[in-house]
Amino acid sequence: MLVGALLPWASTVLPGGAYPDRATLQFFDAPHLVSGFRLHLVLLGVLAALLSRARKPAGIGVAVIALVHMGFLIGLGAPSIGGPVALAGGLLLMWPGLTAPAPELKPPGPAVARLVLLVAFAALVWLVSETLTAGGQSRATNPYGGAEFLAFCGLVLALACALSAYGVLAWLAALTDRHRFFAFSVMLVCALALPFTDAGTGYWMTVASTIGVYAATAIGLNIVVGLAGLLDLGYVAFLGIGAFTAANLAHVVPFPVAALAGTATAGILGIVVGAPTLRVRGDYLAIVTLAFGEIFFRAAQNNIGGLTGGANSIPGIPPISMFGHAFDKPLGVLPAGSLYYAVTVVMVAVAMVMLVNLRHSRTGRAWAAIREDEDVARAMGVRTGRAKILAFLVGSMMAGLAGAVFAHKLGTVGYESFDFSESVTLLAAVVLGGMGTVPGAVVGASLLFVLPEKLREFSDYRLMLFGLALILIMRFRPRGLVSS
Amino acid sequence: MAVLAQQIVNGLVLGALIGLIALGYTMVYGIIQLINFAHGEVFMVGAFGAHFLARYVLPEDVRWYVALPAMCLAAVAVSIGVAVAMERLAYRPLIGAHRLAPLITALGVSILLQEVVRVFYPGATAPLAFPRMFVEGHLAIGPVTILWTGVLALAVAPLLAAALHIYVERSRLGRAMRATAQDPDTARLMGISPNRVTLATFVIGAGLAGVGAVLYGIHYTQIDTAIGFQNGIFAFTAAVLGGIGSIRGAMLGAFCIGLVKSLAGQYVWGGVQYDYVWVFVLLILVLMFRPQGFLGRPEGMRA
């Protein structure tokens, strides 16, 4: 079996070293590309040769990279020679894959555990930074950025699968769970350290903070949908309420007040939207929230009360300014936008803490009961009405806060940012990441908002793929991609 | 007065068209308690199917009385094809799944269909002109005018609804449908295949939506990928308003929705820019205070 696995590796990597020679060199002639996906292929080959359990994951990675490159070459109208060879190698690697269950690793002592967590999260940040910057930021300088990015994703996928095959991921999750507070602080510090990595440019900070805003919003939606089981199809309206409130107040009051006002307004509207939940359930509730979302969108589009700017949107919102420092300027060695990034990281962190604590609280258990069976929950003495309103209140306030940051960060707010497709995207993020899970919403939001940024070529297919993803996940992994 | 009468007529025509979609909603919900969110898209793909036939297949100088039935057939075929695929691939595997799964799937199907048509149908990124395949001109009754296409819609929609009603009341399959709607388990014991009944329901609903799509196209002379979502919501509102599960109720609700939209656009604060909003306000109020609708029986607890 080992030999069987080695042969395809050899046939992949050895010609893989010269893989772009004929078919690709004239297209992928940028020097850094030589170390790009070819390096990934070689790495995966070595991985497959040395570690028996990692063979199948490596095969997946090789196949993904091969497919990506074949797709792009065919898109460019060029024949791909290395692609099919690599693909065949990848498939052969997957063929005799071991299916033995992952070994259980024993948890080490606290000191070692902390060290491991520190290393793991540092590696994670490095990985995030590499993923963000993979493929470069501009299509002008690197037209193959999308391919490179996808190829890198294939490598990351393979590594994750390999780690999972050795039980390392489960082990880390157990460690995180055991040292929750420590893990959380380390993660926060590591996340805040992102500006010091390769991704520390103004552009990537902007991208990262946009993801942060949507991640915080998705966590809010996760509270409503994942914890309480109330499907909200107009959720993006709360982001809009927060953004428009903050935008209108931006010139009058300092940011904290505006953010508070945005949060409060969204919360009040959350109660208004949540009120029907007392009478309506299930599918009907989803339709009611959809109707509220559409009413908000129409009102914003028509510049209701002169508050939303209508088609002109609201321009010229000043950046957040605290301690005499505008947040859109660089600070010391930090690039512009780092401060916004820090704000969103803190926001996401607060949201995560809230989600975890709520889930394990009395309210969270009430939500879980309502989600599973409302009648039984009521019979068991859960005050269902109050709990449901509370879910909407918390979720909408989270979105309102995110909206306030969103408004200041962008400097302009228009109704187009809050249409139904955004609600669908947020829902897709939650569903993709796993309803009710903590990292789920963040992973989902990162995926759904990074991919369009990275793959401009596919912007036309974005929503189509989301629709397909919703169907497939409901069919095959209704608990999401992240949750085990 | 003339304006009022005219708006009432406009509202009734819109109502007739919405009614044909609402029938599909109400039947599917009646049988399997699924809000088939994507039913509006079935209507939309039907419109594009008819457009395709008229634009790319039929000769330029074809007469309307040849073209219109052909377009109806094309629309019905496309709609039924999509609806059957949807039922088999997306909904049927979900029997017994997580409670939110069918609705999220329906949403996914809706988005997917919209985007597939928008991206792959030539020219569908912008509104398309629908061929005018009916008698030109209008019928004038005093100061009120109705386009002949509107007259056609007003004639065809109630006729089809009545035919459906009779079919469900009298035919063997209709009886099987009513039995399944009342109690699927007992119906199964009586030798009825719920899968077959469900599929038949999807097919009938899609056929009506296909006809509705052609009538919609020749009346408003323009289609785009958003017509399914928008009219689907209207039709859903109509189905709930009339009492979901009831065929007569769906038509009644549809006429109400048509009237609300056209009259609110004329007379209520905000004008046409907000007519859409009033339909949603009505939807929320109905769902909150009379979820069983006009003709539906009040139900106990429904998940």
# chains A, B, ... in the order shown; residues from 1 in each chain; ligands from 1
$ residues_around --residues "Gly381 of chain A" --least-positions-apart "4" --cutoff "10 Å" --atoms "only C-alpha atoms" --output "list in words"
Ala366, Val376 and Ala377 of chain A
$ write_last_selection --atoms "N, CA and C atoms" --output "PDB file, in the first residue's frame"
ATOM      1  N   ALA A 366     -33.499  27.710  27.772  1.00  0.00           N
ATOM      2  CA  ALA A 366     -34.889  27.954  27.379  1.00  0.00           C
ATOM      3  C   ALA A 366     -34.989  28.019  25.863  1.00  0.00           C
ATOM      4  N   VAL A 376     -43.738  21.734  24.263  1.00  0.00           N
ATOM      5  CA  VAL A 376     -43.177  21.025  25.404  1.00  0.00           C
ATOM      6  C   VAL A 376     -42.458  22.017  26.318  1.00  0.00           C
ATOM      7  N   ALA A 377     -41.722  22.955  25.690  1.00  0.00           N
ATOM      8  CA  ALA A 377     -40.993  23.939  26.484  1.00  0.00           C
ATOM      9  C   ALA A 377     -41.961  24.712  27.379  1.00  0.00           C
TER      10      ALA A 377
END
$ interface_residues --of "chain A" --to "chain B" --cutoff "8 Å" --atoms "only C-alpha atoms" --output "CSV table (one decimal) with N, CA and C atoms, in the first residue's frame"
chain,number,residue,atom,x,y,z
A,229,GLY,N,-33.8,29.1,17.3
A,229,GLY,CA,-34.5,28.4,16.2
A,229,GLY,C,-35.5,29.3,15.6
A,231,LEU,N,-36.2,31.5,12.6
A,231,LEU,CA,-35.6,31.8,11.3
A,231,LEU,C,-36.0,33.3,10.9
A,276,PRO,N,-44.4,39.7,16.9
A,276,PRO,CA,-45.3,38.7,16.2
A,276,PRO,C,-44.9,37.3,16.6
A,279,ARG,N,-47.3,35.3,18.5
A,279,ARG,CA,-48.5,34.7,17.9
A,279,ARG,C,-48.2,33.8,16.7
A,280,VAL,N,-47.0,34.0,16.1
A,280,VAL,CA,-46.7,33.3,14.8
A,280,VAL,C,-45.5,32.4,15.0
A,281,ARG,N,-45.5,31.2,14.4
A,281,ARG,CA,-44.3,30.4,14.5
A,281,ARG,C,-43.9,29.8,13.2
A,282,GLY,N,-42.7,29.2,13.3
A,282,GLY,CA,-42.2,28.4,12.2
A,282,GLY,C,-42.1,29.1,10.9
A,283,ASP,N,-42.7,28.6,9.9
A,283,ASP,CA,-42.6,29.1,8.6
A,283,ASP,C,-43.2,30.5,8.5
A,284,TYR,N,-44.3,30.7,9.2
A,284,TYR,CA,-45.0,32.0,9.2
A,284,TYR,C,-44.2,33.1,9.8
A,288,VAL,N,-42.9,36.6,8.2
A,288,VAL,CA,-43.1,37.9,8.8
A,288,VAL,C,-41.8,38.7,8.9
A,291,ALA,N,-41.1,40.0,5.5
A,291,ALA,CA,-41.9,41.2,5.2
A,291,ALA,C,-41.3,42.4,5.9
A,292,PHE,N,-40.9,42.3,7.2
A,292,PHE,CA,-40.3,43.4,7.9
A,292,PHE,C,-39.1,43.9,7.1
A,294,GLU,N,-38.3,43.6,4.0
A,294,GLU,CA,-38.7,44.2,2.7
A,294,GLU,C,-39.2,45.6,3.0
A,295,ILE,N,-40.0,45.8,4.0
A,295,ILE,CA,-40.6,47.1,4.4
A,295,ILE,C,-39.4,48.1,4.7
A,298,ARG,N,-37.6,49.0,1.4
A,298,ARG,CA,-38.4,49.9,0.6
A,298,ARG,C,-38.4,51.3,1.2
A,299,ALA,N,-38.5,51.4,2.5
A,299,ALA,CA,-38.6,52.7,3.2
A,299,ALA,C,-37.2,53.3,3.0
A,302,ASN,N,-36.7,54.7,-0.5
A,302,ASN,CA,-37.5,55.9,-0.8
A,302,ASN,C,-37.2,57.0,0.2
A,460,ASP,N,-20.2,37.1,-10.5
A,460,ASP,CA,-21.5,36.8,-11.0
A,460,ASP,C,-22.2,35.6,-10.5
A,461,TYR,N,-21.3,34.6,-10.0
A,461,TYR,CA,-21.9,33.4,-9.6
A,461,TYR,C,-22.0,33.3,-8.1
A,463,LEU,N,-24.1,34.6,-5.7
A,463,LEU,CA,-25.3,34.2,-5.1
A,463,LEU,C,-25.8,32.8,-5.5
A,464,MET,N,-25.5,32.5,-6.8
A,464,MET,CA,-25.9,31.2,-7.3
A,464,MET,C,-25.2,30.1,-6.4
A,465,LEU,N,-23.9,30.3,-6.1
A,465,LEU,CA,-23.2,29.3,-5.3
A,465,LEU,C,-23.8,29.3,-3.9
A,466,PHE,N,-24.2,30.4,-3.3
A,466,PHE,CA,-24.7,30.5,-2.0
A,466,PHE,C,-26.0,29.7,-2.0
A,467,GLY,N,-26.9,29.9,-3.0
A,467,GLY,CA,-28.1,29.1,-3.1
A,467,GLY,C,-27.9,27.6,-3.1
A,468,LEU,N,-26.9,27.2,-3.9
A,468,LEU,CA,-26.6,25.8,-4.0
A,468,LEU,C,-26.0,25.3,-2.7
A,469,ALA,N,-25.2,26.1,-2.1
A,469,ALA,CA,-24.6,25.7,-0.8
A,469,ALA,C,-25.7,25.5,0.2
A,470,LEU,N,-26.7,26.4,0.3
A,470,LEU,CA,-27.8,26.2,1.2
A,470,LEU,C,-28.5,24.9,1.0
A,471,ILE,N,-28.8,24.6,-0.2
A,471,ILE,CA,-29.5,23.3,-0.5
A,471,ILE,C,-28.6,22.1,-0.1
A,474,MET,N,-28.1,21.7,3.7
A,474,MET,CA,-29.3,21.2,4.3
A,474,MET,C,-29.5,19.7,4.0
A,475,ARG,N,-29.0,19.3,2.9
A,475,ARG,CA,-29.2,17.9,2.4
A,475,ARG,C,-28.2,17.0,3.1
A,478,PRO,N,-26.6,19.1,7.7
A,478,PRO,CA,-27.5,20.1,8.3
A,478,PRO,C,-27.0,20.8,9.5
$ atom_distance --atom1 "atom CA of Val443 of chain A" --atom2 "atom CA of Pro335 of chain A"
24.6 Å
$ atom_distance --atom1 "atom CA of Ala264 of chain B" --atom2 "atom CA of Trp148 of chain B"
24.3 Å
$ residues_around --residues "Gly207 of chain B" --least-positions-apart "4" --cutoff "10 Å" --atoms "only C-alpha atoms" --output "PyMOL selection string"
chain B and resi 20-21+24+42-43+46+72-73+75-81+83+201-203+211-213
$ write_last_selection --atoms "N, CA and C atoms" --output "compact mmCIF listing (two decimals), in the first residue's frame"
# COMPACT_ATOMS: atom_id res chain seq x y z
N LEU B 20 -53.18 32.65 -9.99
CA LEU B 20 -52.67 31.43 -10.61
C LEU B 20 -51.42 30.92 -9.90
N ILE B 21 -50.62 31.83 -9.35
CA ILE B 21 -49.46 31.39 -8.57
C ILE B 21 -49.91 30.91 -7.20
N GLY B 24 -50.79 27.29 -6.56
CA GLY B 24 -49.68 26.37 -6.34
C GLY B 24 -49.23 26.37 -4.88
N VAL B 42 -40.71 29.16 -10.03
CA VAL B 42 -41.30 28.28 -11.03
C VAL B 42 -42.07 29.11 -12.05
N PHE B 43 -42.81 30.08 -11.53
CA PHE B 43 -43.52 31.03 -12.39
C PHE B 43 -42.52 31.78 -13.28
N GLY B 46 -41.05 29.74 -16.04
CA GLY B 46 -42.08 29.55 -17.05
C GLY B 46 -42.11 30.72 -18.01
N CYS B 72 -47.74 28.87 -24.11
CA CYS B 72 -48.28 28.31 -22.86
C CYS B 72 -47.71 26.91 -22.63
N LEU B 73 -47.70 26.12 -23.70
CA LEU B 73 -47.17 24.76 -23.56
C LEU B 73 -45.71 24.78 -23.12
N ALA B 75 -44.11 27.17 -21.52
CA ALA B 75 -44.00 27.66 -20.14
C ALA B 75 -44.39 26.55 -19.17
N VAL B 76 -45.50 25.87 -19.48
CA VAL B 76 -45.96 24.81 -18.58
C VAL B 76 -44.91 23.70 -18.51
N ALA B 77 -44.35 23.35 -19.67
CA ALA B 77 -43.35 22.28 -19.68
C ALA B 77 -42.13 22.66 -18.84
N VAL B 78 -41.63 23.88 -19.04
CA VAL B 78 -40.45 24.30 -18.28
C VAL B 78 -40.77 24.35 -16.79
N SER B 79 -41.91 24.94 -16.46
CA SER B 79 -42.28 25.06 -15.05
C SER B 79 -42.40 23.70 -14.40
N ILE B 80 -43.08 22.78 -15.09
CA ILE B 80 -43.27 21.46 -14.50
C ILE B 80 -41.92 20.75 -14.36
N GLY B 81 -41.08 20.89 -15.38
CA GLY B 81 -39.77 20.26 -15.30
C GLY B 81 -38.99 20.74 -14.09
N ALA B 83 -40.19 22.22 -11.39
CA ALA B 83 -40.85 21.88 -10.13
C ALA B 83 -40.61 20.42 -9.76
N THR B 201 -49.17 17.20 -6.99
CA THR B 201 -49.49 18.55 -6.53
C THR B 201 -48.49 19.56 -7.08
N PHE B 202 -47.21 19.19 -7.01
CA PHE B 202 -46.20 20.09 -7.56
C PHE B 202 -46.44 20.31 -9.06
N VAL B 203 -46.79 19.24 -9.76
CA VAL B 203 -46.98 19.35 -11.21
C VAL B 203 -48.16 20.27 -11.52
N VAL B 211 -48.96 28.81 -17.00
CA VAL B 211 -49.98 29.56 -17.72
C VAL B 211 -50.00 31.01 -17.23
N GLY B 212 -49.96 31.16 -15.91
CA GLY B 212 -49.95 32.50 -15.34
C GLY B 212 -48.78 33.32 -15.86
N ALA B 213 -47.63 32.66 -16.03
CA ALA B 213 -46.44 33.39 -16.49
C ALA B 213 -46.65 33.96 -17.89
$ residues_around --residues "segment 411-425 of chain A" --least-positions-apart "3" --cutoff "8 Å" --atoms "only C-alpha atoms" --output "ChimeraX atom specification"
/A:233-237,239-240,243-244,247,293-294,297,300-301,308-319,407-408,428-429,448,463,466
$ residues_around --residues "Tyr203 of chain A" --least-positions-apart "6" --cutoff "10 Å" --atoms "only C-alpha atoms" --output "PDB file with C-alpha atoms, in the first residue's frame"
ATOM      1  CA  GLN A 137      -4.766  42.189  -3.886  1.00  0.00           C
ATOM      2  CA  PRO A 335      -1.160  50.629   8.679  1.00  0.00           C
ATOM      3  CA  ALA A 336      -4.320  52.629   8.172  1.00  0.00           C
ATOM      4  CA  GLY A 337      -7.430  50.707   9.075  1.00  0.00           C
ATOM      5  CA  SER A 338      -5.741  48.719  11.848  1.00  0.00           C
TER       6      SER A 338
END
